[in-house]
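S.K.: Take a look at the following structure, please.
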Amino acid sequence: MGKLLLEIGTEEIPAGYIIPALGQMEVLFREGLKKNRLDCGTVKTFGTPRRLGLYAEDIPEKQPTLREELQGPSAKAALDPDGRPTKAGLGFARAQGVEFSELQVRDTPRGPYLFAIKTREGELSIKLLPGVLTEVIRSIAFPKKMRWRGPGLLFARPVRNVVALFDTEIIELELNGVKSGRATLGHPFLSGKTIVIKKADFTSYKELLRKEKVIVDMEERVSMLREGINEIMRKHGSELKQEELLEEVNNLVEYPFPVECTFPEEFLRVPQEVVETVMISHQRYFPVENDSGKLLPRFITVTNRGERGAHLSVEGNERVLRARLADAKFFWEEDRKRPLKDRLEGLKDVLFHEKLGSYWERTERIDRLSAYLALRLDLADGEREGLHQAARLCKADLLTQMVGEFPELQGVMGCHYAREEGLPEEVACAIEEHYMPRYAGDKLPQTRLGTILSLADKFDALCACFSVGLVPTGSQDPYGLRRQAQGIIRILEAQRLPLSLRDTIAASLENFPGKGAAIKEITAFFRDRLYQTFLERGHRYDIINAVLGAGFDNVSDFSDRVSIISKLSETADFWGDLVALAERTFNIGKNAPSAGEVDERLLQQDEERSLWDVYLRNKDRIAALIDKNKYEDASRAFSDVFAEPVHAFFDKVFVNVEDERLRNNRLVLVKNINLLYAPRVADLSKIVPREVKDAFASEIEIG
């Protein structure tokens with residue numbers, strides 16, 4: 001078994017390209033081996049801004065020997081009556097490159113046939129790997145690619161060297177005139193040396209590059225970064241919070257060295273979110289806070305030139321940040337000279353979408369929809385006035401210089417400007433919170449006004465886009481409608497708001513005359529979002545479908561029912577009886593012409609009279625439990641009460657008799673029992689039996 005080392009040396013690759021490219025490299029490499037009847041053990045990828053690499057172990061020295069059994073003509077066609085070969089037999093031997101005497105006659109289900117048994121020796125891996133690695137390199141997808149040295153290869157940045165080794169041998173390949181070899185380069189500023197790699201061993205490779213100030217192991221590099229940054233932050237009573245930024249910066253450097261810098265305290269008069277946005281999003285700096293979370297006039301930058309060049313890095317980065325913060329301070333001071341309400345007229349000139357009008361029109365729609373939601377949620381008159389004010393002002397900060405420069409601060413700046421104007425705190429908070437949650441995992445609005453305004457904003461965006469046919473397709477969702485629906489689901493669930501999805505969608509669509517038909521389409525969109533959300537949370541697909549079958553208009557209630565039915569499904573002594581009861585009553589009851597009253601005069605047998613009596617005595621109690629959202633109690637009561645009499649009914653009573661009146665009466669009885677539970681809790685007829693699910697899962701694993 002051999003080891004392989006591949007390093008693609010390049011000019012500096014954008015940080016965001018590296019991790020996706022490395023993920024592709026492992027997949028492409030394993031696929032390439034498989035196509036060539038090879039395999040491997042551990043695969044590790046690594047990268048820096050100037051190299052992408054892959055290391056693999058346990059690659060066989062050659063392909064396994066291939067034994068082929070090729071079926072030819074039937075023995076009857078290949079041999080004459082005397083056992084001599086016919087033209088057909090000789091032709092088959094010739095086509096397979098063997099002597100006729102080497103062919104074998106074997107019995108098959110269709111009779112005896114000629115077979116050619118051929119053994120093909122496996123090719124040496126060193127001869128196959130050039131093709132595998134060339135295909136890997138050529139197949140890596142990047143957001144943007146460059147062409148250089150002619151049209152032969154497109155890559156993220158020009159390739160300058162390729163190290164490709166199988167144990168101690170060079171894997172011979174060539175990319176746009178760059179031939180593979182053993183030579184790689186150390187750090188461009190701290191080393192500049194050419195390094196010769198003698199063998200494909202990741203440990204020795206790492207050590208050689210570490211001596212030349214290149215940390216190729218990404219986990220080691222990020223660990224160095226985290227420890228260095230935390231060492232500085234702990235002096236001020238805090239620790240690293242920006243893990244996403246850490247991952248990005250890790251792909252910007254080959255030899256990380258965090259250094260502490262300062263900026264003038266006067267910039268702390270600008271809102272903390274602004275200063276941190278400038279640092280994190282625009283400069284890739286780490287803000288420093290004290291133990292209470294207050295921003296200090298300090299930041300950490302990560303240099304790629306080691307301790308020697310740290311002082312130059314400090315001076316340069318402090319100068320850059322001062323200039324950026326001076327701009328932000330200017331915007332802050334200028335924007336505050338004009339109140340938010342004076343900016344509203346300007347929203348008429350800011351286009352939301354060519355088919356949907358301006359942000360002024362969008363603001364009016366949000367205002368109307370939030371007023372509808374306020375009525376539904378019984379907001380007090382004083383709160384409604386605050387909600388109206390927040391709705392009118394929620395998009396005004398789009399016209400401020402600060403948001404123009406830092407769009408990610410929309411809502412945040414509206415909140416700050418509202419506070420500066422002396423507007424009520426609940427109005428200021430609602431302006432910021434109406435964008436929440438901005439992404440999966442983002443925090444939810446915490447205030448009542450912010451919650452309602454966020455729902456109004458998201459329902460309007462969804463209904464507006466659906467009303468003009470801007471519907472997500474496949475992976476395409478340019479207007480973020482899946483994210484908007486997800487935000488609505490999370491808010492309704494977390495706040496336990498008793499809002500009707502259908503009614504709210506209908507109210508929102510009133511802003512788009514003639515688009516009422518979109519209700520069905522948007523409702524189906526929410527159904528799909530709910531299914532995907534709860535599937536990702538680990539609930540069984542058939543349970544989700546069963547609960548969806550009982551309705552999902554109230555998202556909070558739907559969430560409760562999924563949780564309870566999932567819990568009950570783990571109760572072995574109870575679950576089977578409940579599902580069997582629901583399934584039997586559904587399968588027979590669906591043939592009933594309609595739900596209705598049972599005619600007691602047509603009840604002939606003891607079992608059906610007993611079942612009817614049980615139904616009359618218990619239907620109100622079970623319905624009351626469901627009305628109070630006591631779904632577990634209702635499920636257990638439904639099973640305890642009906643399991644035995646229903647099974648006795650099916651054992652003793654023949655339902656599909658010729659007498660139509662008698663048949664329908666029995667069908668209605670069974671259907672009414674099913675309707676007591678299924679349409680309000682879960683349609684358990686959709687539950688897939690455990691053995692079927694297990695077989696399906698096994699089939700997927702095998703495939």
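Labeling convention for the structure tokens: chains A, B, ... as they appear, residues from 1 per chain, ligands from 1 in order of appearance.
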I want to know what sits within 7 Å of A:Leu444, based on only C-alpha atoms, with residues of the same chain fewer than 5 positions away left out; could you give that as an mmCIF file with N, CA and C atoms, in the first residue's frame?

M.R.:
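Output file selection02.cif follows:
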data_model
loop_
_atom_site.group_PDB
_atom_site.id
_atom_site.type_symbol
_atom_site.label_atom_id
_atom_site.label_comp_id
_atom_site.auth_asym_id
_atom_site.auth_seq_id
_atom_site.Cartn_x
_atom_site.Cartn_y
_atom_site.Cartn_z
ATOM 1 N N MET A 436 -35.529 40.696 11.761
ATOM 2 C CA MET A 436 -35.154 39.429 12.393
ATOM 3 C C MET A 436 -36.193 38.347 12.123
ATOM 4 N N PRO A 437 -35.765 37.079 12.008
ATOM 5 C CA PRO A 437 -34.372 36.642 11.876
ATOM 6 C C PRO A 437 -33.888 36.853 10.454
ATOM 7 N N ILE A 491 -40.912 32.372 14.234
ATOM 8 C CA ILE A 491 -41.550 33.364 15.108
ATOM 9 C C ILE A 491 -42.873 32.835 15.648
#

S.K.: Show me, as number ranges by chain, the residues that have an atom within 12 Å of A:Leu79 when counting only C-alpha atoms, minus same-chain residues fewer than 3 positions from it.

M.R.: A: 73-76, 82-92, 100-101, 103-105, 112-114

S.K.: For the residues selected in the previous step, produce a file with N, CA, C and O atoms as a CSV table (one decimal), in the first residue's frame.

M.R.:
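Here's the written file out33.csv:
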chain,number,residue,atom,x,y,z
A,73,PRO,N,-21.6,-17.8,-28.4
A,73,PRO,CA,-22.7,-18.5,-29.0
A,73,PRO,C,-23.0,-19.8,-28.2
A,73,PRO,O,-22.2,-20.2,-27.4
A,74,SER,N,-24.2,-20.3,-28.5
A,74,SER,CA,-24.6,-21.6,-27.8
A,74,SER,C,-23.7,-22.7,-28.4
A,74,SER,O,-23.1,-22.6,-29.5
A,75,ALA,N,-23.5,-23.7,-27.6
A,75,ALA,CA,-22.7,-24.9,-28.0
A,75,ALA,C,-23.2,-25.5,-29.3
A,75,ALA,O,-22.4,-25.9,-30.1
A,76,LYS,N,-24.5,-25.5,-29.4
A,76,LYS,CA,-25.1,-26.0,-30.6
A,76,LYS,C,-24.7,-25.3,-31.9
A,76,LYS,O,-24.4,-25.9,-32.9
A,82,ASP,N,-20.0,-33.4,-34.9
A,82,ASP,CA,-18.8,-34.2,-34.6
A,82,ASP,C,-17.9,-33.5,-33.5
A,82,ASP,O,-16.8,-33.9,-33.2
A,83,GLY,N,-18.4,-32.3,-33.0
A,83,GLY,CA,-17.6,-31.6,-32.0
A,83,GLY,C,-16.6,-30.7,-32.5
A,83,GLY,O,-15.8,-30.2,-31.7
A,84,ARG,N,-16.6,-30.5,-33.8
A,84,ARG,CA,-15.6,-29.6,-34.4
A,84,ARG,C,-16.2,-28.1,-34.4
A,84,ARG,O,-17.4,-27.9,-34.5
A,85,PRO,N,-15.3,-27.1,-34.3
A,85,PRO,CA,-15.8,-25.7,-34.2
A,85,PRO,C,-16.4,-25.3,-35.5
A,85,PRO,O,-15.9,-25.6,-36.6
A,86,THR,N,-17.5,-24.6,-35.4
A,86,THR,CA,-18.1,-24.0,-36.6
A,86,THR,C,-17.5,-22.6,-36.8
A,86,THR,O,-16.7,-22.1,-36.0
A,87,LYS,N,-18.0,-21.9,-37.9
A,87,LYS,CA,-17.5,-20.5,-38.1
A,87,LYS,C,-17.9,-19.6,-36.9
A,87,LYS,O,-17.1,-18.7,-36.6
A,88,ALA,N,-19.0,-19.9,-36.4
A,88,ALA,CA,-19.5,-19.0,-35.2
A,88,ALA,C,-18.5,-19.2,-34.1
A,88,ALA,O,-18.1,-18.2,-33.4
A,89,GLY,N,-18.1,-20.5,-33.8
A,89,GLY,CA,-17.3,-20.7,-32.7
A,89,GLY,C,-15.9,-20.1,-32.9
A,89,GLY,O,-15.3,-19.5,-32.0
A,90,LEU,N,-15.3,-20.3,-34.1
A,90,LEU,CA,-14.0,-19.8,-34.4
A,90,LEU,C,-14.0,-18.3,-34.4
A,90,LEU,O,-13.1,-17.6,-33.9
A,91,GLY,N,-15.1,-17.7,-34.9
A,91,GLY,CA,-15.2,-16.2,-34.9
A,91,GLY,C,-15.2,-15.6,-33.5
A,91,GLY,O,-14.6,-14.6,-33.2
A,92,PHE,N,-15.9,-16.3,-32.6
A,92,PHE,CA,-16.0,-15.8,-31.2
A,92,PHE,C,-14.6,-15.9,-30.6
A,92,PHE,O,-14.1,-15.0,-29.9
A,100,PHE,N,-9.4,-21.4,-29.8
A,100,PHE,CA,-10.7,-22.1,-29.6
A,100,PHE,C,-10.6,-23.1,-28.5
A,100,PHE,O,-11.6,-23.3,-27.8
A,101,SER,N,-9.4,-23.8,-28.4
A,101,SER,CA,-9.3,-24.8,-27.4
A,101,SER,C,-9.4,-24.3,-26.0
A,101,SER,O,-9.6,-25.0,-25.0
A,103,LEU,N,-11.6,-22.1,-25.0
A,103,LEU,CA,-13.0,-21.8,-24.6
A,103,LEU,C,-13.5,-22.9,-23.8
A,103,LEU,O,-13.1,-24.1,-23.9
A,104,GLN,N,-14.5,-22.6,-23.0
A,104,GLN,CA,-15.2,-23.5,-22.1
A,104,GLN,C,-16.7,-23.6,-22.4
A,104,GLN,O,-17.3,-22.6,-22.8
A,105,VAL,N,-17.2,-24.8,-22.3
A,105,VAL,CA,-18.7,-25.0,-22.5
A,105,VAL,C,-19.3,-25.1,-21.1
A,105,VAL,O,-18.9,-25.9,-20.3
A,112,PRO,N,-26.4,-25.2,-22.8
A,112,PRO,CA,-24.9,-25.0,-22.9
A,112,PRO,C,-24.5,-23.9,-23.8
A,112,PRO,O,-25.0,-23.8,-24.9
A,113,TYR,N,-23.5,-23.1,-23.4
A,113,TYR,CA,-23.0,-22.0,-24.2
A,113,TYR,C,-21.5,-22.0,-24.0
A,113,TYR,O,-20.9,-22.5,-23.1
A,114,LEU,N,-20.8,-21.3,-25.1
A,114,LEU,CA,-19.4,-21.2,-25.0
A,114,LEU,C,-19.0,-19.9,-24.2
A,114,LEU,O,-19.7,-18.9,-24.2

S.K.: As a short mmCIF file (atom, residue, chain, number, x, y, z; two decimals) with C-alpha atoms, in the first residue's frame, please: the residues near stretch 569-580 of chain A (cut-off 8 Å, only C-alpha atoms, same-chain neighbours under 5 positions excluded).

M.R.:
data_model
loop_
_atom_site.label_atom_id
_atom_site.label_comp_id
_atom_site.auth_asym_id
_atom_site.auth_seq_id
_atom_site.Cartn_x
_atom_site.Cartn_y
_atom_site.Cartn_z
CA SER A 635 -54.54 10.10 21.70
CA ARG A 636 -54.41 7.74 24.66
CA PHE A 638 -58.99 7.54 21.69
CA SER A 639 -56.98 4.30 21.65
CA ALA A 643 -59.31 -0.15 20.12
CA LEU A 684 -52.19 8.12 11.17
CA SER A 685 -53.24 6.23 8.05
CA ILE A 687 -47.80 6.06 8.97
#

S.K.: Mind running stretch 349-414 of chain A against stretch 317-337 of chain A at 12 Å and telling me each contacting residue's nearest atom pair with the distance in Å (one decimal), counting only C-alpha atoms, chain and number ascending, as a Markdown table?

M.R.:
| residue | atom | partner | partner_atom | distance |
| --- | --- | --- | --- | --- |
| A:Ala396 | CA | A:Asp335 | CA | 11.4 |
| A:Asp397 | CA | A:Asp335 | CA | 9.1 |
| A:Leu398 | CA | A:Asp335 | CA | 11.2 |
| A:Leu399 | CA | A:Asp335 | CA | 9.2 |
| A:Thr400 | CA | A:Asp335 | CA | 5.9 |
| A:Gln401 | CA | A:Phe331 | CA | 5.6 |
| A:Met402 | CA | A:Phe331 | CA | 5.3 |
| A:Val403 | CA | A:Phe331 | CA | 9.1 |
| A:Gly404 | CA | A:Phe331 | CA | 9.6 |
| A:Glu405 | CA | A:Ala328 | CA | 8.5 |
| A:Phe406 | CA | A:Ala328 | CA | 9.2 |
| A:Leu409 | CA | A:Ala328 | CA | 11.8 |
| A:Met413 | CA | A:Trp332 | CA | 9.1 |
| A:Gly414 | CA | A:Asp335 | CA | 10.4 |

S.K.: What would the file look like if the residues just selected were written as an mmCIF file, in the first residue's frame with all heavy atoms?

M.R.:
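Contents of again31.cif, freshly written:
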data_model
loop_
_atom_site.group_PDB
_atom_site.id
_atom_site.type_symbol
_atom_site.label_atom_id
_atom_site.label_comp_id
_atom_site.auth_asym_id
_atom_site.auth_seq_id
_atom_site.Cartn_x
_atom_site.Cartn_y
_atom_site.Cartn_z
ATOM 1 N N ALA A 396 -37.104 53.732 6.500
ATOM 2 C CA ALA A 396 -36.578 55.075 6.261
ATOM 3 C C ALA A 396 -35.057 55.119 6.295
ATOM 4 O O ALA A 396 -34.438 55.935 5.598
ATOM 5 C CB ALA A 396 -37.159 56.049 7.286
ATOM 6 N N ASP A 397 -34.430 54.242 7.088
ATOM 7 C CA ASP A 397 -32.966 54.321 7.178
ATOM 8 C C ASP A 397 -32.268 53.859 5.903
ATOM 9 O O ASP A 397 -31.058 54.012 5.767
ATOM 10 C CB ASP A 397 -32.447 53.560 8.402
ATOM 11 C CG ASP A 397 -32.644 52.054 8.306
ATOM 12 O OD1 ASP A 397 -33.340 51.602 7.387
ATOM 13 O OD2 ASP A 397 -32.098 51.326 9.169
ATOM 14 N N LEU A 398 -33.021 53.310 4.954
ATOM 15 C CA LEU A 398 -32.413 52.949 3.670
ATOM 16 C C LEU A 398 -31.866 54.184 2.956
ATOM 17 O O LEU A 398 -30.991 54.074 2.092
ATOM 18 C CB LEU A 398 -33.443 52.256 2.769
ATOM 19 C CG LEU A 398 -33.972 50.892 3.249
ATOM 20 C CD1 LEU A 398 -35.039 50.381 2.286
ATOM 21 C CD2 LEU A 398 -32.841 49.882 3.371
ATOM 22 N N LEU A 399 -32.381 55.351 3.314
ATOM 23 C CA LEU A 399 -31.952 56.592 2.665
ATOM 24 C C LEU A 399 -30.882 57.324 3.457
ATOM 25 O O LEU A 399 -30.518 58.443 3.100
ATOM 26 C CB LEU A 399 -33.163 57.512 2.459
ATOM 27 C CG LEU A 399 -34.202 56.973 1.462
ATOM 28 C CD1 LEU A 399 -35.441 57.844 1.467
ATOM 29 C CD2 LEU A 399 -33.614 56.904 0.069
ATOM 30 N N THR A 400 -30.368 56.719 4.512
ATOM 31 C CA THR A 400 -29.290 57.360 5.265
ATOM 32 C C THR A 400 -27.944 57.041 4.624
ATOM 33 O O THR A 400 -27.788 56.025 3.945
ATOM 34 C CB THR A 400 -29.271 56.867 6.730
ATOM 35 O OG1 THR A 400 -29.025 55.454 6.758
ATOM 36 C CG2 THR A 400 -30.601 57.167 7.416
ATOM 37 N N GLN A 401 -26.981 57.915 4.866
ATOM 38 C CA GLN A 401 -25.642 57.693 4.314
ATOM 39 C C GLN A 401 -24.993 56.456 4.932
ATOM 40 O O GLN A 401 -24.260 55.728 4.267
ATOM 41 C CB GLN A 401 -24.769 58.926 4.571
ATOM 42 C CG GLN A 401 -25.227 60.162 3.810
ATOM 43 C CD GLN A 401 -24.280 61.330 3.995
ATOM 44 O OE1 GLN A 401 -23.162 61.325 3.472
ATOM 45 N NE2 GLN A 401 -24.720 62.319 4.752
ATOM 46 N N MET A 402 -25.279 56.222 6.226
ATOM 47 C CA MET A 402 -24.660 55.081 6.901
ATOM 48 C C MET A 402 -25.102 53.760 6.267
ATOM 49 O O MET A 402 -24.271 52.883 5.981
ATOM 50 C CB MET A 402 -25.023 55.086 8.385
ATOM 51 C CG MET A 402 -24.260 54.060 9.196
ATOM 52 S SD MET A 402 -22.540 54.520 9.483
ATOM 53 C CE MET A 402 -22.746 55.611 10.907
ATOM 54 N N VAL A 403 -26.396 53.603 6.050
ATOM 55 C CA VAL A 403 -26.886 52.355 5.454
ATOM 56 C C VAL A 403 -26.462 52.263 3.992
ATOM 57 O O VAL A 403 -26.219 51.173 3.468
ATOM 58 C CB VAL A 403 -28.418 52.238 5.617
ATOM 59 C CG1 VAL A 403 -28.970 51.047 4.844
ATOM 60 C CG2 VAL A 403 -28.775 52.109 7.093
ATOM 61 N N GLY A 404 -26.349 53.422 3.328
ATOM 62 C CA GLY A 404 -25.846 53.404 1.960
ATOM 63 C C GLY A 404 -24.438 52.833 1.885
ATOM 64 O O GLY A 404 -24.094 52.103 0.947
ATOM 65 N N GLU A 405 -23.628 53.121 2.906
ATOM 66 C CA GLU A 405 -22.256 52.625 2.947
ATOM 67 C C GLU A 405 -22.174 51.217 3.533
ATOM 68 O O GLU A 405 -21.374 50.394 3.103
ATOM 69 C CB GLU A 405 -21.395 53.576 3.784
ATOM 70 C CG GLU A 405 -19.925 53.204 3.870
ATOM 71 C CD GLU A 405 -19.182 53.405 2.551
ATOM 72 O OE1 GLU A 405 -19.726 54.073 1.647
ATOM 73 O OE2 GLU A 405 -18.063 52.881 2.418
ATOM 74 N N PHE A 406 -23.032 50.950 4.519
ATOM 75 C CA PHE A 406 -23.027 49.650 5.196
ATOM 76 C C PHE A 406 -24.443 49.067 5.165
ATOM 77 O O PHE A 406 -25.181 49.143 6.164
ATOM 78 C CB PHE A 406 -22.562 49.798 6.649
ATOM 79 C CG PHE A 406 -21.249 50.507 6.805
ATOM 80 C CD1 PHE A 406 -21.186 51.772 7.383
ATOM 81 C CD2 PHE A 406 -20.068 49.919 6.379
ATOM 82 C CE1 PHE A 406 -19.977 52.423 7.532
ATOM 83 C CE2 PHE A 406 -18.843 50.567 6.526
ATOM 84 C CZ PHE A 406 -18.800 51.834 7.099
ATOM 85 N N LEU A 409 -26.368 47.143 7.945
ATOM 86 C CA LEU A 409 -26.826 47.813 9.167
ATOM 87 C C LEU A 409 -28.245 48.363 9.053
ATOM 88 O O LEU A 409 -28.698 49.085 9.950
ATOM 89 C CB LEU A 409 -25.862 48.951 9.529
ATOM 90 C CG LEU A 409 -24.483 48.513 10.029
ATOM 91 C CD1 LEU A 409 -23.570 49.718 10.227
ATOM 92 C CD2 LEU A 409 -24.592 47.720 11.322
ATOM 93 N N MET A 413 -29.468 50.795 12.230
ATOM 94 C CA MET A 413 -29.304 52.250 12.239
ATOM 95 C C MET A 413 -30.641 52.950 12.422
ATOM 96 O O MET A 413 -30.723 53.984 13.098
ATOM 97 C CB MET A 413 -28.624 52.714 10.945
ATOM 98 C CG MET A 413 -27.211 52.213 10.767
ATOM 99 S SD MET A 413 -26.172 52.329 12.266
ATOM 100 C CE MET A 413 -26.262 54.080 12.637
ATOM 101 N N GLY A 414 -31.700 52.397 11.841
ATOM 102 C CA GLY A 414 -33.019 52.980 12.061
ATOM 103 C C GLY A 414 -33.347 53.030 13.538
ATOM 104 O O GLY A 414 -33.919 54.018 14.039
#

S.K.: Quote the spacing between atom CA of A:Ile543 and atom CA of A:Phe466 in Å to one decimal place.

M.R.: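 One can read the atom CA of A:Ile543 to atom CA of A:Phe466 distance as 29.0 Å.
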
S.K.: Pick out each residue of stretch 393-586 of chain A that DSSP on the backbone tags as alpha helix (DSSP H); I need them as an MDAnalysis selection string.

M.R.: chainID A and resid 393 401:405 412:420 425:433 448:467 481:495 501:509 518:536 541:548 555:569 572:586

S.K.: With C-alpha atoms kept, could you save the residues just selected as a tab-separated table (two decimals), in the first residue's frame?

M.R.:
chain	number	residue	atom	x	y	z
A	393	LEU	CA	-40.49	54.41	9.64
A	401	GLN	CA	-25.64	57.69	4.31
A	402	MET	CA	-24.66	55.08	6.90
A	403	VAL	CA	-26.89	52.36	5.45
A	404	GLY	CA	-25.85	53.40	1.96
A	405	GLU	CA	-22.26	52.62	2.95
A	412	VAL	CA	-29.91	48.65	13.27
A	413	MET	CA	-29.30	52.25	12.24
A	414	GLY	CA	-33.02	52.98	12.06
A	415	CYS	CA	-33.20	51.93	15.72
A	416	HIS	CA	-30.30	54.18	16.71
A	417	TYR	CA	-31.61	57.19	14.81
A	418	ALA	CA	-35.07	56.71	16.32
A	419	ARG	CA	-33.56	56.71	19.81
A	420	GLU	CA	-31.53	59.82	19.02
A	425	GLU	CA	-38.07	52.78	22.89
A	426	GLU	CA	-40.60	50.19	21.68
A	427	VAL	CA	-40.77	51.96	18.29
A	428	ALA	CA	-36.96	52.05	17.98
A	429	CYS	CA	-36.67	48.35	18.90
A	430	ALA	CA	-39.40	47.37	16.44
A	431	ILE	CA	-37.57	49.12	13.58
A	432	GLU	CA	-34.48	46.99	14.24
A	433	GLU	CA	-36.31	43.76	15.01
A	448	ARG	CA	-44.35	42.49	20.79
A	449	LEU	CA	-44.22	45.32	18.25
A	450	GLY	CA	-41.04	43.98	16.67
A	451	THR	CA	-42.59	40.51	16.36
A	452	ILE	CA	-45.71	41.80	14.58
A	453	LEU	CA	-43.74	44.12	12.31
A	454	SER	CA	-41.34	41.30	11.39
A	455	LEU	CA	-44.28	39.05	10.47
A	456	ALA	CA	-45.89	41.81	8.40
A	457	ASP	CA	-42.62	42.46	6.56
A	458	LYS	CA	-42.05	38.79	5.77
A	459	PHE	CA	-45.64	37.99	4.76
A	460	ASP	CA	-45.62	41.02	2.47
A	461	ALA	CA	-42.37	39.99	0.79
A	462	LEU	CA	-43.69	36.45	0.21
A	463	CYS	CA	-47.12	37.44	-1.05
A	464	ALA	CA	-45.75	40.26	-3.18
A	465	CYS	CA	-43.34	37.96	-5.01
A	466	PHE	CA	-45.88	35.14	-5.43
A	467	SER	CA	-48.45	37.60	-6.75
A	481	LEU	CA	-38.53	33.57	0.08
A	482	ARG	CA	-37.62	30.28	1.74
A	483	ARG	CA	-35.73	32.28	4.35
A	484	GLN	CA	-38.74	34.57	4.84
A	485	ALA	CA	-41.07	31.59	5.33
A	486	GLN	CA	-38.61	29.99	7.71
A	487	GLY	CA	-38.53	33.22	9.73
A	488	ILE	CA	-42.32	33.28	9.94
A	489	ILE	CA	-42.41	29.66	11.10
A	490	ARG	CA	-39.79	30.26	13.78
A	491	ILE	CA	-41.55	33.36	15.11
A	492	LEU	CA	-45.03	31.82	15.21
A	493	GLU	CA	-43.65	28.70	16.88
A	494	ALA	CA	-41.44	30.46	19.45
A	495	GLN	CA	-44.01	33.11	20.39
A	501	LEU	CA	-51.59	31.19	8.00
A	502	ARG	CA	-54.37	31.17	5.45
A	503	ASP	CA	-56.14	34.24	6.85
A	504	THR	CA	-52.89	36.21	7.10
A	505	ILE	CA	-51.91	35.28	3.55
A	506	ALA	CA	-55.38	36.34	2.36
A	507	ALA	CA	-55.10	39.66	4.23
A	508	SER	CA	-51.67	40.30	2.69
A	509	LEU	CA	-52.90	39.45	-0.81
A	518	ALA	CA	-52.16	32.68	-4.97
A	519	ILE	CA	-53.43	31.66	-1.51
A	520	LYS	CA	-53.34	27.99	-2.46
A	521	GLU	CA	-49.86	28.28	-3.94
A	522	ILE	CA	-48.40	30.13	-0.93
A	523	THR	CA	-50.07	27.73	1.51
A	524	ALA	CA	-48.50	24.79	-0.34
A	525	PHE	CA	-45.16	26.61	-0.12
A	526	PHE	CA	-45.52	26.83	3.67
A	527	ARG	CA	-46.48	23.16	3.81
A	528	ASP	CA	-43.23	22.25	2.07
A	529	ARG	CA	-41.23	24.53	4.38
A	530	LEU	CA	-42.80	22.93	7.46
A	531	TYR	CA	-42.05	19.46	6.14
A	532	GLN	CA	-38.40	20.31	5.46
A	533	THR	CA	-37.98	22.13	8.78
A	534	PHE	CA	-39.24	19.28	10.92
A	535	LEU	CA	-37.42	16.68	8.83
A	536	GLU	CA	-34.15	18.53	9.50
A	541	TYR	CA	-41.13	11.82	7.48
A	542	ASP	CA	-44.33	9.76	7.82
A	543	ILE	CA	-45.18	11.37	11.18
A	544	ILE	CA	-44.70	14.84	9.67
A	545	ASN	CA	-46.99	13.90	6.77
A	546	ALA	CA	-49.56	12.47	9.18
A	547	VAL	CA	-49.67	15.69	11.21
A	548	LEU	CA	-49.69	17.84	8.08
A	555	VAL	CA	-47.96	26.71	13.13
A	556	SER	CA	-47.54	26.61	16.90
A	557	ASP	CA	-50.26	23.98	17.23
A	558	PHE	CA	-48.73	21.98	14.36
A	559	SER	CA	-45.36	22.00	16.15
A	560	ASP	CA	-46.97	20.72	19.34
A	561	ARG	CA	-48.70	17.88	17.51
A	562	VAL	CA	-45.53	16.77	15.72
A	563	SER	CA	-43.66	16.65	19.03
A	564	ILE	CA	-46.40	14.69	20.79
A	565	ILE	CA	-46.97	12.17	17.98
A	566	SER	CA	-43.21	11.65	17.71
A	567	LYS	CA	-43.07	11.00	21.44
A	568	LEU	CA	-46.00	8.56	21.28
A	569	SER	CA	-44.37	6.68	18.39
A	572	ALA	CA	-44.16	0.42	21.82
A	573	ASP	CA	-47.08	-0.92	23.89
A	574	PHE	CA	-49.41	1.85	22.77
A	575	TRP	CA	-48.33	3.13	19.35
A	576	GLY	CA	-49.21	-0.01	17.40
A	577	ASP	CA	-52.80	-0.05	18.74
A	578	LEU	CA	-53.31	3.64	17.98
A	579	VAL	CA	-52.01	3.35	14.39
A	580	ALA	CA	-54.00	0.17	13.71
A	581	LEU	CA	-57.16	1.82	15.03
A	582	ALA	CA	-56.66	4.94	12.89
A	583	GLU	CA	-55.75	2.90	9.82
A	584	ARG	CA	-58.71	0.49	10.00
A	585	THR	CA	-61.28	3.21	10.58
A	586	PHE	CA	-59.81	5.28	7.74

S.K.: When DSSP is applied to the backbone of this structure, which of stretch 271-475 of chain A are assigned strand (DSSP E or B)? Write them out as a ChimeraX atom specification.

M.R.: /A:286-289,295-303,351-353,357-358,473

S.K.: Can you work out which one of A:Leu66, A:Ile19, A:Leu245, A:Val655 has the shortest atom-to-atom distance to A:Ile280, counting only C-alpha atoms?

M.R.: A:Leu245

S.K.: So which one's closest to A:Glu68, A:Arg160, A:His353, A:Arg120, A:Arg37? Using only C-alpha atoms, please.

M.R.: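 For A:Glu68, the nearest of the candidates is A:Arg120.
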
S.K.: Quick one, how far is atom CA of A:Lys619 from atom CA of A:Gly551?

M.R.: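 Straight-line distance from atom CA of A:Lys619 to atom CA of A:Gly551 works out to 20.3 Å.
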
S.K.: So, counting only C-alpha atoms, which residue among A:Thr262, A:Asn591, A:Asn304, A:Asn290 is closest to A:Pro188?

M.R.: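 Smallest separation from A:Pro188 among the options: A:Asn304.
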
S.K.: Just give me the gap between atom CA of A:Gly192 and atom CA of A:Lys206 in Å, one decimal is fine.

M.R.: 16.5 Å

S.K.: Which one of A:Gly589, A:Pro297, A:Pro151, A:Pro472 sits closest to A:Met279 if you count only C-alpha atoms?

M.R.: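 Nearest candidate to A:Met279 out of A:Gly589, A:Pro297, A:Pro151, A:Pro472: A:Pro297.
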